[in-house]
Amino acid sequence: MFSFSSIEQYHALLRTGNLTCVQAVQHYLSAIEQNKHLNCYLEVFAAEALQRASELDAQEIRGKLHGVVIGIKDNICYKGHKASASSKILQNYTSLYSATAVERLVNEGAIIIGRLNCDEFGMGSSNENSAFGPVLNPNDTSRVAGGSSGGSAAAVKAGLCMVSLGSDTGGSVRLPADFCGVVGYKPGYGRVSRHGLMAYGSSFDQIGVLANSVEDTATVLEIISGPDEFDSTAIQSTLEEFDLKSTKKYRVAYFPEWMNHSSIDPEISEQLKQYIQLLKDNGHDVQPVSFTLTDFIVPTYYILTTAEASSNLSRYDGARFGYRSAKPSENLYSFYQHNRTEGFGKEVKRRIMLGTFVLSTGYYDAYFTKAQQVRQQLKQQTELIFNDFDLIIAPNSPTIAYKLGEKDKDPLAMYMGDIFTVFANLTGVPAISLPVFKHSSNLPFGLQILSSSHNEVHLLRFSHQLMQQ
Ligand code: GLN
């Protein structure tokens, strides 16, 4: 029976004729069927994936992702396929074009096997805000998979695809990767084109990669990154093929304010501290750096992202596309009101209202302008840190995966769980979660590593080094 360990090993099996792409797809289709209860996939493109696999089997292996079976988060467009962002408002929406990232995967021979469940429009940390039900954690199905890319993380963990795409506006790749125990990578802002990613907070959003290893993550990243005429914020330089192997000793910072934060599970803190010692023993130069803006990061994130979301989501009015209410409308206003009231879920509405409030006359300067100033300060502080250090290590989350229903009635508690992940999005720097820890409850949790945007290659090399140990 086929079991996947890496793209390289998979390609070796294809080359020696011990496996075909069709067999690989069949394997995933039956695994998806057997794990339906996890609720990872909103739709599986079974017939199409098999057809493409048989076409690939008839060709030589040319593409770097030849026959690689990939699931994509449901807020990423794939031409001719539905994409709903796990929202009722887009339930029957079919994409007219593919996201640049998806197009690049397909051009390298990837097989897109289906679309993955997530929090509605990426808004959430537990995947409980999906209009189509939560994703269950494959390690313990009474617990959340994390969000918002819960389906993307759980599918990789449960062996329901080889790699997946997610999106990360404030931790949505890293947090579910941490909760499920896989690698989750958020590229630096602009590394990957956002064309075809449904906008949540446009100055924060990035498409990210979830995989079993740093090698597979890097392979996919190389392919999806690079300039794109459809996204003016995509950076011009390309990420050339690079060697992951390195024995370089790094200068690594950590924030004692995070390690000892009042909200952190003492066991997470303890294991991180032991890990710092291990890094030192291995010759890395690890130093504490005081980070005084910790209390401001969650409020700043939620003011700025809700403001951007309130504007981005105004396009869903039910007139041109998306859900349209059956209720009769006496005027245009009530037409919009019915469509949006019935189409959006509770958390999305909360954020649209919050965002509209912080942008309103009279409150704009007090909230939005202030938050932008804090974001600027955060960027400056971060730049100073990266003058002296190559990398920062941190927790991803104050807790391990919690029980379904444990936090979803308390939005503030949920927002506070984002305290360690939103920093990378506020400052635009790349960040990864590596599955290196195990809690006494037997659940995995991850190590977060951040670098400056110029240092992405070193972030991946360091991560690779750690995963080899
Ligand atoms: N939990 C964060 C939020 O709800 C992160 C979301 C994301 O990265 N898409 O905004």
# chains A, B, ... in the order shown; residues from 1 in each chain; ligands from 1
$ residues_around --residues "range 116-127 of chain A" --least-positions-apart "6" --cutoff "9 Å" --atoms "only C-alpha atoms" --output "PyMOL selection string"
chain A and resi 39-44+71-75+84-88+133-136+144-152+155+164-169+171-172+175-176+198-200+344-345+347-348+351+401-402+404+407-408+414-415+417-418
$ closest_atom_pairs --of "range 244-294 of chain A" --to "range 456-466 of chain A" --cutoff "8 Å" --atoms "only C-alpha atoms" --output "JSON lines"
{"residue": "A:Leu244", "atom": "CA", "partner": "A:Arg461", "partner_atom": "CA", "distance": 4.9}
{"residue": "A:Lys245", "atom": "CA", "partner": "A:Arg461", "partner_atom": "CA", "distance": 6.3}
{"residue": "A:Ser246", "atom": "CA", "partner": "A:Arg461", "partner_atom": "CA", "distance": 6.2}
{"residue": "A:Thr247", "atom": "CA", "partner": "A:Gln465", "partner_atom": "CA", "distance": 7.3}
{"residue": "A:Tyr250", "atom": "CA", "partner": "A:Phe462", "partner_atom": "CA", "distance": 7.9}
$ write_last_selection --atoms "C-alpha atoms" --output "PDB file, in the first residue's frame"
ATOM      1  CA  LEU A 244      18.060  23.729   1.998  1.00  0.00           C
ATOM      2  CA  LYS A 245      21.067  22.037   3.514  1.00  0.00           C
ATOM      3  CA  SER A 246      23.123  24.246   5.762  1.00  0.00           C
ATOM      4  CA  THR A 247      25.046  23.894   8.987  1.00  0.00           C
ATOM      5  CA  TYR A 250      22.288  31.455  13.566  1.00  0.00           C
TER       6      TYR A 250
END
$ residues_around --residues "Glu222 in chain A" --least-positions-apart "2" --cutoff "7 Å" --atoms "only C-alpha atoms" --output "count of residues only"
8
$ residues_around --residues "Ser290 in chain A" --least-positions-apart "4" --cutoff "7 Å" --atoms "only C-alpha atoms" --output "JSON, numbers by chain"
{"A": [255, 256, 257]}
$ write_last_selection --atoms "all heavy atoms" --output "short mmCIF file (atom, residue, chain, number, x, y, z; two decimals), in the first residue's frame"
data_model
loop_
_atom_site.label_atom_id
_atom_site.label_comp_id
_atom_site.auth_asym_id
_atom_site.auth_seq_id
_atom_site.Cartn_x
_atom_site.Cartn_y
_atom_site.Cartn_z
N PHE A 255 11.41 36.55 22.75
CA PHE A 255 10.84 37.59 23.61
C PHE A 255 10.43 36.97 24.95
O PHE A 255 9.47 36.19 24.99
CB PHE A 255 9.59 38.20 22.97
CG PHE A 255 9.80 38.78 21.59
CD1 PHE A 255 8.77 38.73 20.64
CD2 PHE A 255 10.99 39.38 21.23
CE1 PHE A 255 8.95 39.26 19.36
CE2 PHE A 255 11.18 39.93 19.96
CZ PHE A 255 10.15 39.86 19.03
N PRO A 256 11.11 37.32 26.05
CA PRO A 256 10.70 36.80 27.36
C PRO A 256 9.24 37.15 27.68
O PRO A 256 8.53 36.37 28.32
CB PRO A 256 11.65 37.49 28.34
CG PRO A 256 12.82 37.93 27.51
CD PRO A 256 12.31 38.17 26.13
N GLU A 257 8.78 38.31 27.18
CA GLU A 257 7.37 38.72 27.42
C GLU A 257 6.39 37.71 26.82
O GLU A 257 5.26 37.60 27.29
CB GLU A 257 7.08 40.09 26.79
CG GLU A 257 7.76 41.27 27.48
CD GLU A 257 9.18 41.52 26.95
OE1 GLU A 257 9.72 40.66 26.21
OE2 GLU A 257 9.76 42.56 27.31
#
$ atom_distance --atom1 "CA of Val182 in chain A" --atom2 "CA of Thr306 in chain A"
28.5 Å
$ select_by_dssp --residues "range 186-377 of chain A" --states "strand (DSSP E or B)" --output "PDB file with N, CA and C atoms, in the first residue's frame"
ATOM      1  N   LYS A 186       3.880  30.723   6.371  1.00  0.00           N
ATOM      2  CA  LYS A 186       3.345  31.985   5.859  1.00  0.00           C
ATOM      3  C   LYS A 186       4.475  32.773   5.229  1.00  0.00           C
ATOM      4  N   VAL A 192       4.050  35.765  -2.405  1.00  0.00           N
ATOM      5  CA  VAL A 192       3.134  35.005  -3.264  1.00  0.00           C
ATOM      6  C   VAL A 192       1.993  35.936  -3.695  1.00  0.00           C
ATOM      7  N   LEU A 197      -7.024  35.043  -4.469  1.00  0.00           N
ATOM      8  CA  LEU A 197      -7.310  34.745  -3.056  1.00  0.00           C
ATOM      9  C   LEU A 197      -8.409  35.716  -2.635  1.00  0.00           C
ATOM     10  N   GLN A 206      -1.807  36.499   2.963  1.00  0.00           N
ATOM     11  CA  GLN A 206      -0.830  35.766   2.140  1.00  0.00           C
ATOM     12  C   GLN A 206      -1.302  34.320   1.988  1.00  0.00           C
ATOM     13  N   ILE A 207      -1.100  33.781   0.804  1.00  0.00           N
ATOM     14  CA  ILE A 207      -1.329  32.345   0.606  1.00  0.00           C
ATOM     15  C   ILE A 207      -0.145  31.614   1.229  1.00  0.00           C
ATOM     16  N   GLY A 208      -0.403  30.529   1.939  1.00  0.00           N
ATOM     17  CA  GLY A 208       0.680  29.784   2.577  1.00  0.00           C
ATOM     18  C   GLY A 208       0.602  28.298   2.257  1.00  0.00           C
ATOM     19  N   VAL A 209       1.605  27.574   2.727  1.00  0.00           N
ATOM     20  CA  VAL A 209       1.744  26.152   2.382  1.00  0.00           C
ATOM     21  C   VAL A 209       1.696  25.295   3.646  1.00  0.00           C
ATOM     22  N   LEU A 210       0.989  24.174   3.589  1.00  0.00           N
ATOM     23  CA  LEU A 210       0.981  23.195   4.679  1.00  0.00           C
ATOM     24  C   LEU A 210       1.483  21.866   4.129  1.00  0.00           C
ATOM     25  N   ALA A 211       2.418  21.267   4.845  1.00  0.00           N
ATOM     26  CA  ALA A 211       3.059  20.053   4.325  1.00  0.00           C
ATOM     27  C   ALA A 211       3.613  19.215   5.473  1.00  0.00           C
ATOM     28  N   SER A 225       5.723  31.353  -5.743  1.00  0.00           N
ATOM     29  CA  SER A 225       6.174  32.721  -5.454  1.00  0.00           C
ATOM     30  C   SER A 225       6.578  33.445  -6.730  1.00  0.00           C
ATOM     31  N   ARG A 251      21.978  33.591  14.618  1.00  0.00           N
ATOM     32  CA  ARG A 251      21.714  34.492  15.750  1.00  0.00           C
ATOM     33  C   ARG A 251      20.194  34.541  15.922  1.00  0.00           C
ATOM     34  N   VAL A 252      19.741  34.064  17.066  1.00  0.00           N
ATOM     35  CA  VAL A 252      18.302  33.875  17.272  1.00  0.00           C
ATOM     36  C   VAL A 252      17.830  34.684  18.477  1.00  0.00           C
ATOM     37  N   ALA A 253      16.744  35.442  18.293  1.00  0.00           N
ATOM     38  CA  ALA A 253      16.168  36.198  19.408  1.00  0.00           C
ATOM     39  C   ALA A 253      14.890  35.526  19.886  1.00  0.00           C
ATOM     40  N   TYR A 254      14.540  35.752  21.133  1.00  0.00           N
ATOM     41  CA  TYR A 254      13.203  35.377  21.620  1.00  0.00           C
ATOM     42  C   TYR A 254      12.730  36.458  22.581  1.00  0.00           C
ATOM     43  N   ASP A 285      23.459  31.179  18.583  1.00  0.00           N
ATOM     44  CA  ASP A 285      23.556  32.260  19.558  1.00  0.00           C
ATOM     45  C   ASP A 285      22.140  32.761  19.870  1.00  0.00           C
ATOM     46  N   VAL A 286      21.575  32.304  20.975  1.00  0.00           N
ATOM     47  CA  VAL A 286      20.177  32.624  21.291  1.00  0.00           C
ATOM     48  C   VAL A 286      20.119  33.630  22.442  1.00  0.00           C
ATOM     49  N   GLN A 287      19.435  34.735  22.214  1.00  0.00           N
ATOM     50  CA  GLN A 287      19.415  35.823  23.196  1.00  0.00           C
ATOM     51  C   GLN A 287      17.997  36.324  23.457  1.00  0.00           C
ATOM     52  N   PRO A 288      17.711  36.716  24.718  1.00  0.00           N
ATOM     53  CA  PRO A 288      16.424  37.358  24.991  1.00  0.00           C
ATOM     54  C   PRO A 288      16.430  38.806  24.482  1.00  0.00           C
TER      55      PRO A 288
END
$ residues_around --residues "Glu342 in chain A" --least-positions-apart "3" --cutoff "7 Å" --atoms "only C-alpha atoms" --output "PyMOL selection string"
chain A and resi 325+338-339
$ write_last_selection --atoms "N, CA, C and O atoms" --output "PDB file, in the first residue's frame"
ATOM      1  N   SER A 325     -31.556  36.327  -1.256  1.00  0.00           N
ATOM      2  CA  SER A 325     -32.657  35.947  -0.378  1.00  0.00           C
ATOM      3  C   SER A 325     -33.950  35.773  -1.164  1.00  0.00           C
ATOM      4  O   SER A 325     -34.174  36.449  -2.167  1.00  0.00           O
ATOM      5  N   HIS A 338     -31.460  41.873   3.215  1.00  0.00           N
ATOM      6  CA  HIS A 338     -31.868  40.459   3.279  1.00  0.00           C
ATOM      7  C   HIS A 338     -30.739  39.536   2.835  1.00  0.00           C
ATOM      8  O   HIS A 338     -30.447  38.537   3.482  1.00  0.00           O
ATOM      9  N   ASN A 339     -30.111  39.889   1.717  1.00  0.00           N
ATOM     10  CA  ASN A 339     -29.050  39.019   1.179  1.00  0.00           C
ATOM     11  C   ASN A 339     -27.900  38.882   2.169  1.00  0.00           C
ATOM     12  O   ASN A 339     -27.411  37.780   2.428  1.00  0.00           O
TER      13      ASN A 339
END
$ closest_residue --among "A:Lys36, A:Ser232, A:His195, A:Leu434" --to "Ala154 in chain A" --atoms "only C-alpha atoms"
A:Lys36
$ closest_residue --among "A:Tyr78, A:Phe321, A:Tyr302, A:Phe4" --to "Val163 in chain A" --atoms "only C-alpha atoms"
A:Phe4
$ closest_residue --among "A:Leu313, A:Ala307, A:Leu56, A:Leu332" --to "Thr369 in chain A" --atoms "only C-alpha atoms"
A:Ala307
$ closest_residue --among "A:Met259, A:Ala366, A:Ala110, A:Ile297" --to "Ala394 in chain A" --atoms "only C-alpha atoms"
A:Met259
$ closest_atom_pairs --of "range 250-358 of chain A" --to "range 91-100 of chain A" --cutoff "12 Å" --atoms "only C-alpha atoms" --output "JSON lines"
{"residue": "A:Tyr316", "atom": "CA", "partner": "A:Tyr93", "partner_atom": "CA", "distance": 11.3}
{"residue": "A:Gly318", "atom": "CA", "partner": "A:Tyr93", "partner_atom": "CA", "distance": 11.0}
{"residue": "A:Arg320", "atom": "CA", "partner": "A:Tyr93", "partner_atom": "CA", "distance": 10.8}
{"residue": "A:Phe321", "atom": "CA", "partner": "A:Tyr93", "partner_atom": "CA", "distance": 7.1}
{"residue": "A:Gly322", "atom": "CA", "partner": "A:Tyr93", "partner_atom": "CA", "distance": 6.0}
{"residue": "A:Tyr323", "atom": "CA", "partner": "A:Gln91", "partner_atom": "CA", "distance": 7.1}
{"residue": "A:Arg324", "atom": "CA", "partner": "A:Asn92", "partner_atom": "CA", "distance": 10.5}
{"residue": "A:Gly343", "atom": "CA", "partner": "A:Gln91", "partner_atom": "CA", "distance": 9.0}
{"residue": "A:Phe344", "atom": "CA", "partner": "A:Gln91", "partner_atom": "CA", "distance": 10.8}
$ write_last_selection --atoms "all heavy atoms" --output "tab-separated table (two decimals), in the first residue's frame"
chain	number	residue	atom	x	y	z
A	316	TYR	N	-20.10	41.75	-1.62
A	316	TYR	CA	-21.07	40.65	-1.59
A	316	TYR	C	-22.45	41.22	-1.27
A	316	TYR	O	-22.84	41.33	-0.11
A	316	TYR	CB	-20.66	39.59	-0.55
A	316	TYR	CG	-19.25	39.09	-0.82
A	316	TYR	CD1	-18.19	39.42	0.02
A	316	TYR	CD2	-18.98	38.31	-1.95
A	316	TYR	CE1	-16.90	38.99	-0.25
A	316	TYR	CE2	-17.70	37.88	-2.22
A	316	TYR	CZ	-16.66	38.22	-1.37
A	316	TYR	OH	-15.39	37.81	-1.64
A	318	GLY	N	-25.26	40.29	-3.33
A	318	GLY	CA	-26.30	39.41	-3.88
A	318	GLY	C	-26.83	39.89	-5.22
A	318	GLY	O	-27.69	39.25	-5.81
A	320	ARG	N	-24.81	40.90	-8.09
A	320	ARG	CA	-24.04	40.39	-9.25
A	320	ARG	C	-23.73	38.91	-9.12
A	320	ARG	O	-23.71	38.18	-10.09
A	320	ARG	CB	-22.75	41.19	-9.40
A	320	ARG	CG	-23.00	42.60	-9.87
A	320	ARG	CD	-21.89	43.51	-9.46
A	320	ARG	NE	-21.78	43.59	-8.00
A	320	ARG	CZ	-20.82	44.24	-7.38
A	320	ARG	NH1	-19.87	44.82	-8.06
A	320	ARG	NH2	-20.79	44.29	-6.05
A	321	PHE	N	-23.44	38.47	-7.91
A	321	PHE	CA	-23.18	37.04	-7.69
A	321	PHE	C	-23.46	36.72	-6.24
A	321	PHE	O	-23.64	37.61	-5.42
A	321	PHE	CB	-21.74	36.67	-8.07
A	321	PHE	CG	-20.69	37.53	-7.41
A	321	PHE	CD1	-20.27	37.29	-6.12
A	321	PHE	CD2	-20.13	38.60	-8.10
A	321	PHE	CE1	-19.32	38.09	-5.52
A	321	PHE	CE2	-19.17	39.41	-7.50
A	321	PHE	CZ	-18.76	39.15	-6.21
A	322	GLY	N	-23.49	35.45	-5.94
A	322	GLY	CA	-23.67	35.04	-4.56
A	322	GLY	C	-25.12	34.88	-4.16
A	322	GLY	O	-26.03	34.97	-4.97
A	323	TYR	N	-25.29	34.62	-2.88
A	323	TYR	CA	-26.60	34.29	-2.31
A	323	TYR	C	-27.62	35.41	-2.49
A	323	TYR	O	-27.31	36.58	-2.28
A	323	TYR	CB	-26.42	34.01	-0.82
A	323	TYR	CG	-27.70	33.71	-0.09
A	323	TYR	CD1	-28.24	32.42	-0.10
A	323	TYR	CD2	-28.37	34.71	0.59
A	323	TYR	CE1	-29.41	32.15	0.56
A	323	TYR	CE2	-29.56	34.45	1.25
A	323	TYR	CZ	-30.07	33.17	1.24
A	323	TYR	OH	-31.23	32.91	1.89
A	324	ARG	N	-28.81	35.04	-2.91
A	324	ARG	CA	-29.89	36.02	-2.97
A	324	ARG	C	-31.08	35.50	-2.17
A	324	ARG	O	-31.55	34.39	-2.37
A	324	ARG	CB	-30.30	36.27	-4.42
A	324	ARG	CG	-31.23	37.46	-4.54
A	324	ARG	CD	-31.50	37.82	-5.98
A	324	ARG	NE	-30.33	38.37	-6.65
A	324	ARG	CZ	-30.36	38.81	-7.90
A	324	ARG	NH1	-31.48	38.76	-8.60
A	324	ARG	NH2	-29.27	39.30	-8.47
A	343	GLY	N	-26.93	35.69	4.28
A	343	GLY	CA	-25.76	35.08	3.65
A	343	GLY	C	-24.53	34.99	4.54
A	343	GLY	O	-23.77	34.02	4.47
A	344	PHE	N	-24.31	36.00	5.38
A	344	PHE	CA	-23.11	36.01	6.22
A	344	PHE	C	-23.36	35.35	7.56
A	344	PHE	O	-24.45	35.48	8.13
A	344	PHE	CB	-22.67	37.46	6.51
A	344	PHE	CG	-22.00	38.16	5.35
A	344	PHE	CD1	-22.40	39.45	5.00
A	344	PHE	CD2	-20.96	37.57	4.65
A	344	PHE	CE1	-21.78	40.12	3.95
A	344	PHE	CE2	-20.34	38.24	3.60
A	344	PHE	CZ	-20.75	39.52	3.25
$ atom_distance --atom1 "CA of Asn455 in chain A" --atom2 "CA of Gln377 in chain A"
20.8 Å
$ atom_distance --atom1 "CA of Gly405 in chain A" --atom2 "CA of Ser262 in chain A"
22.7 Å
$ decode --residues "range 252-263 of chain A" --atoms "all heavy atoms" --output "PDB file, in the first residue's frame"
ATOM      1  N   VAL A 252      19.741  34.064  17.066  1.00  0.00           N
ATOM      2  CA  VAL A 252      18.302  33.875  17.272  1.00  0.00           C
ATOM      3  C   VAL A 252      17.830  34.684  18.477  1.00  0.00           C
ATOM      4  O   VAL A 252      18.422  34.604  19.560  1.00  0.00           O
ATOM      5  CB  VAL A 252      17.987  32.377  17.514  1.00  0.00           C
ATOM      6  CG1 VAL A 252      16.491  32.146  17.626  1.00  0.00           C
ATOM      7  CG2 VAL A 252      18.584  31.502  16.412  1.00  0.00           C
ATOM      8  N   ALA A 253      16.744  35.442  18.293  1.00  0.00           N
ATOM      9  CA  ALA A 253      16.168  36.198  19.408  1.00  0.00           C
ATOM     10  C   ALA A 253      14.890  35.526  19.886  1.00  0.00           C
ATOM     11  O   ALA A 253      14.254  34.791  19.133  1.00  0.00           O
ATOM     12  CB  ALA A 253      15.847  37.616  18.952  1.00  0.00           C
ATOM     13  N   TYR A 254      14.540  35.752  21.133  1.00  0.00           N
ATOM     14  CA  TYR A 254      13.203  35.377  21.620  1.00  0.00           C
ATOM     15  C   TYR A 254      12.730  36.458  22.581  1.00  0.00           C
ATOM     16  O   TYR A 254      13.543  37.214  23.122  1.00  0.00           O
ATOM     17  CB  TYR A 254      13.210  33.987  22.283  1.00  0.00           C
ATOM     18  CG  TYR A 254      13.987  33.907  23.576  1.00  0.00           C
ATOM     19  CD1 TYR A 254      13.367  34.131  24.803  1.00  0.00           C
ATOM     20  CD2 TYR A 254      15.356  33.610  23.580  1.00  0.00           C
ATOM     21  CE1 TYR A 254      14.087  34.061  25.994  1.00  0.00           C
ATOM     22  CE2 TYR A 254      16.079  33.550  24.752  1.00  0.00           C
ATOM     23  CZ  TYR A 254      15.433  33.776  25.962  1.00  0.00           C
ATOM     24  OH  TYR A 254      16.153  33.726  27.129  1.00  0.00           O
ATOM     25  N   PHE A 255      11.411  36.551  22.745  1.00  0.00           N
ATOM     26  CA  PHE A 255      10.837  37.585  23.610  1.00  0.00           C
ATOM     27  C   PHE A 255      10.431  36.971  24.952  1.00  0.00           C
ATOM     28  O   PHE A 255       9.474  36.191  24.994  1.00  0.00           O
ATOM     29  CB  PHE A 255       9.586  38.203  22.969  1.00  0.00           C
ATOM     30  CG  PHE A 255       9.795  38.777  21.589  1.00  0.00           C
ATOM     31  CD1 PHE A 255       8.769  38.726  20.641  1.00  0.00           C
ATOM     32  CD2 PHE A 255      10.995  39.385  21.232  1.00  0.00           C
ATOM     33  CE1 PHE A 255       8.946  39.264  19.363  1.00  0.00           C
ATOM     34  CE2 PHE A 255      11.178  39.932  19.963  1.00  0.00           C
ATOM     35  CZ  PHE A 255      10.148  39.860  19.025  1.00  0.00           C
ATOM     36  N   PRO A 256      11.107  37.325  26.054  1.00  0.00           N
ATOM     37  CA  PRO A 256      10.697  36.796  27.359  1.00  0.00           C
ATOM     38  C   PRO A 256       9.241  37.151  27.684  1.00  0.00           C
ATOM     39  O   PRO A 256       8.530  36.372  28.320  1.00  0.00           O
ATOM     40  CB  PRO A 256      11.650  37.489  28.337  1.00  0.00           C
ATOM     41  CG  PRO A 256      12.816  37.925  27.510  1.00  0.00           C
ATOM     42  CD  PRO A 256      12.306  38.169  26.133  1.00  0.00           C
ATOM     43  N   GLU A 257       8.782  38.313  27.181  1.00  0.00           N
ATOM     44  CA  GLU A 257       7.375  38.717  27.422  1.00  0.00           C
ATOM     45  C   GLU A 257       6.392  37.709  26.822  1.00  0.00           C
ATOM     46  O   GLU A 257       5.261  37.602  27.291  1.00  0.00           O
ATOM     47  CB  GLU A 257       7.084  40.093  26.794  1.00  0.00           C
ATOM     48  CG  GLU A 257       7.756  41.268  27.480  1.00  0.00           C
ATOM     49  CD  GLU A 257       9.180  41.524  26.954  1.00  0.00           C
ATOM     50  OE1 GLU A 257       9.723  40.660  26.206  1.00  0.00           O
ATOM     51  OE2 GLU A 257       9.756  42.564  27.309  1.00  0.00           O
ATOM     52  N   TRP A 258       6.802  37.009  25.788  1.00  0.00           N
ATOM     53  CA  TRP A 258       5.917  35.999  25.179  1.00  0.00           C
ATOM     54  C   TRP A 258       6.055  34.664  25.902  1.00  0.00           C
ATOM     55  O   TRP A 258       5.078  33.992  26.187  1.00  0.00           O
ATOM     56  CB  TRP A 258       6.232  35.808  23.685  1.00  0.00           C
ATOM     57  CG  TRP A 258       5.821  36.964  22.833  1.00  0.00           C
ATOM     58  CD1 TRP A 258       5.529  38.245  23.252  1.00  0.00           C
ATOM     59  CD2 TRP A 258       5.648  36.973  21.411  1.00  0.00           C
ATOM     60  NE1 TRP A 258       5.206  39.031  22.175  1.00  0.00           N
ATOM     61  CE2 TRP A 258       5.271  38.281  21.036  1.00  0.00           C
ATOM     62  CE3 TRP A 258       5.795  35.998  20.414  1.00  0.00           C
ATOM     63  CZ2 TRP A 258       5.021  38.635  19.702  1.00  0.00           C
ATOM     64  CZ3 TRP A 258       5.552  36.351  19.088  1.00  0.00           C
ATOM     65  CH2 TRP A 258       5.162  37.656  18.743  1.00  0.00           C
ATOM     66  N   MET A 259       7.291  34.288  26.183  1.00  0.00           N
ATOM     67  CA  MET A 259       7.530  32.989  26.837  1.00  0.00           C
ATOM     68  C   MET A 259       6.850  32.932  28.210  1.00  0.00           C
ATOM     69  O   MET A 259       6.441  31.868  28.657  1.00  0.00           O
ATOM     70  CB  MET A 259       9.031  32.757  27.042  1.00  0.00           C
ATOM     71  CG  MET A 259       9.837  32.744  25.773  1.00  0.00           C
ATOM     72  SD  MET A 259       9.506  31.267  24.799  1.00  0.00           S
ATOM     73  CE  MET A 259      10.533  31.578  23.377  1.00  0.00           C
ATOM     74  N   ASN A 260       6.795  34.101  28.864  1.00  0.00           N
ATOM     75  CA  ASN A 260       6.221  34.128  30.220  1.00  0.00           C
ATOM     76  C   ASN A 260       4.863  34.822  30.241  1.00  0.00           C
ATOM     77  O   ASN A 260       4.432  35.318  31.274  1.00  0.00           O
ATOM     78  CB  ASN A 260       7.174  34.867  31.165  1.00  0.00           C
ATOM     79  CG  ASN A 260       8.542  34.201  31.199  1.00  0.00           C
ATOM     80  OD1 ASN A 260       8.633  32.979  31.293  1.00  0.00           O
ATOM     81  ND2 ASN A 260       9.591  34.996  31.092  1.00  0.00           N
ATOM     82  N   HIS A 261       4.195  34.869  29.118  1.00  0.00           N
ATOM     83  CA  HIS A 261       2.918  35.584  29.051  1.00  0.00           C
ATOM     84  C   HIS A 261       1.891  34.936  29.977  1.00  0.00           C
ATOM     85  O   HIS A 261       1.878  33.708  30.138  1.00  0.00           O
ATOM     86  CB  HIS A 261       2.390  35.583  27.607  1.00  0.00           C
ATOM     87  CG  HIS A 261       1.339  36.611  27.380  1.00  0.00           C
ATOM     88  ND1 HIS A 261       0.002  36.315  27.434  1.00  0.00           N
ATOM     89  CD2 HIS A 261       1.436  37.938  27.133  1.00  0.00           C
ATOM     90  CE1 HIS A 261      -0.692  37.433  27.216  1.00  0.00           C
ATOM     91  NE2 HIS A 261       0.159  38.429  27.024  1.00  0.00           N
ATOM     92  N   SER A 262       1.033  35.780  30.574  1.00  0.00           N
ATOM     93  CA  SER A 262       0.078  35.253  31.554  1.00  0.00           C
ATOM     94  C   SER A 262      -0.879  34.232  30.933  1.00  0.00           C
ATOM     95  O   SER A 262      -1.426  33.383  31.645  1.00  0.00           O
ATOM     96  CB  SER A 262      -0.723  36.402  32.171  1.00  0.00           C
ATOM     97  OG  SER A 262      -1.385  37.100  31.142  1.00  0.00           O
ATOM     98  N   SER A 263      -1.084  34.292  29.617  1.00  0.00           N
ATOM     99  CA  SER A 263      -2.065  33.388  29.000  1.00  0.00           C
ATOM    100  C   SER A 263      -1.463  32.048  28.562  1.00  0.00           C
ATOM    101  O   SER A 263      -2.191  31.143  28.156  1.00  0.00           O
ATOM    102  CB  SER A 263      -2.688  34.065  27.779  1.00  0.00           C
ATOM    103  OG  SER A 263      -1.712  34.222  26.758  1.00  0.00           O
TER     104      SER A 263
END
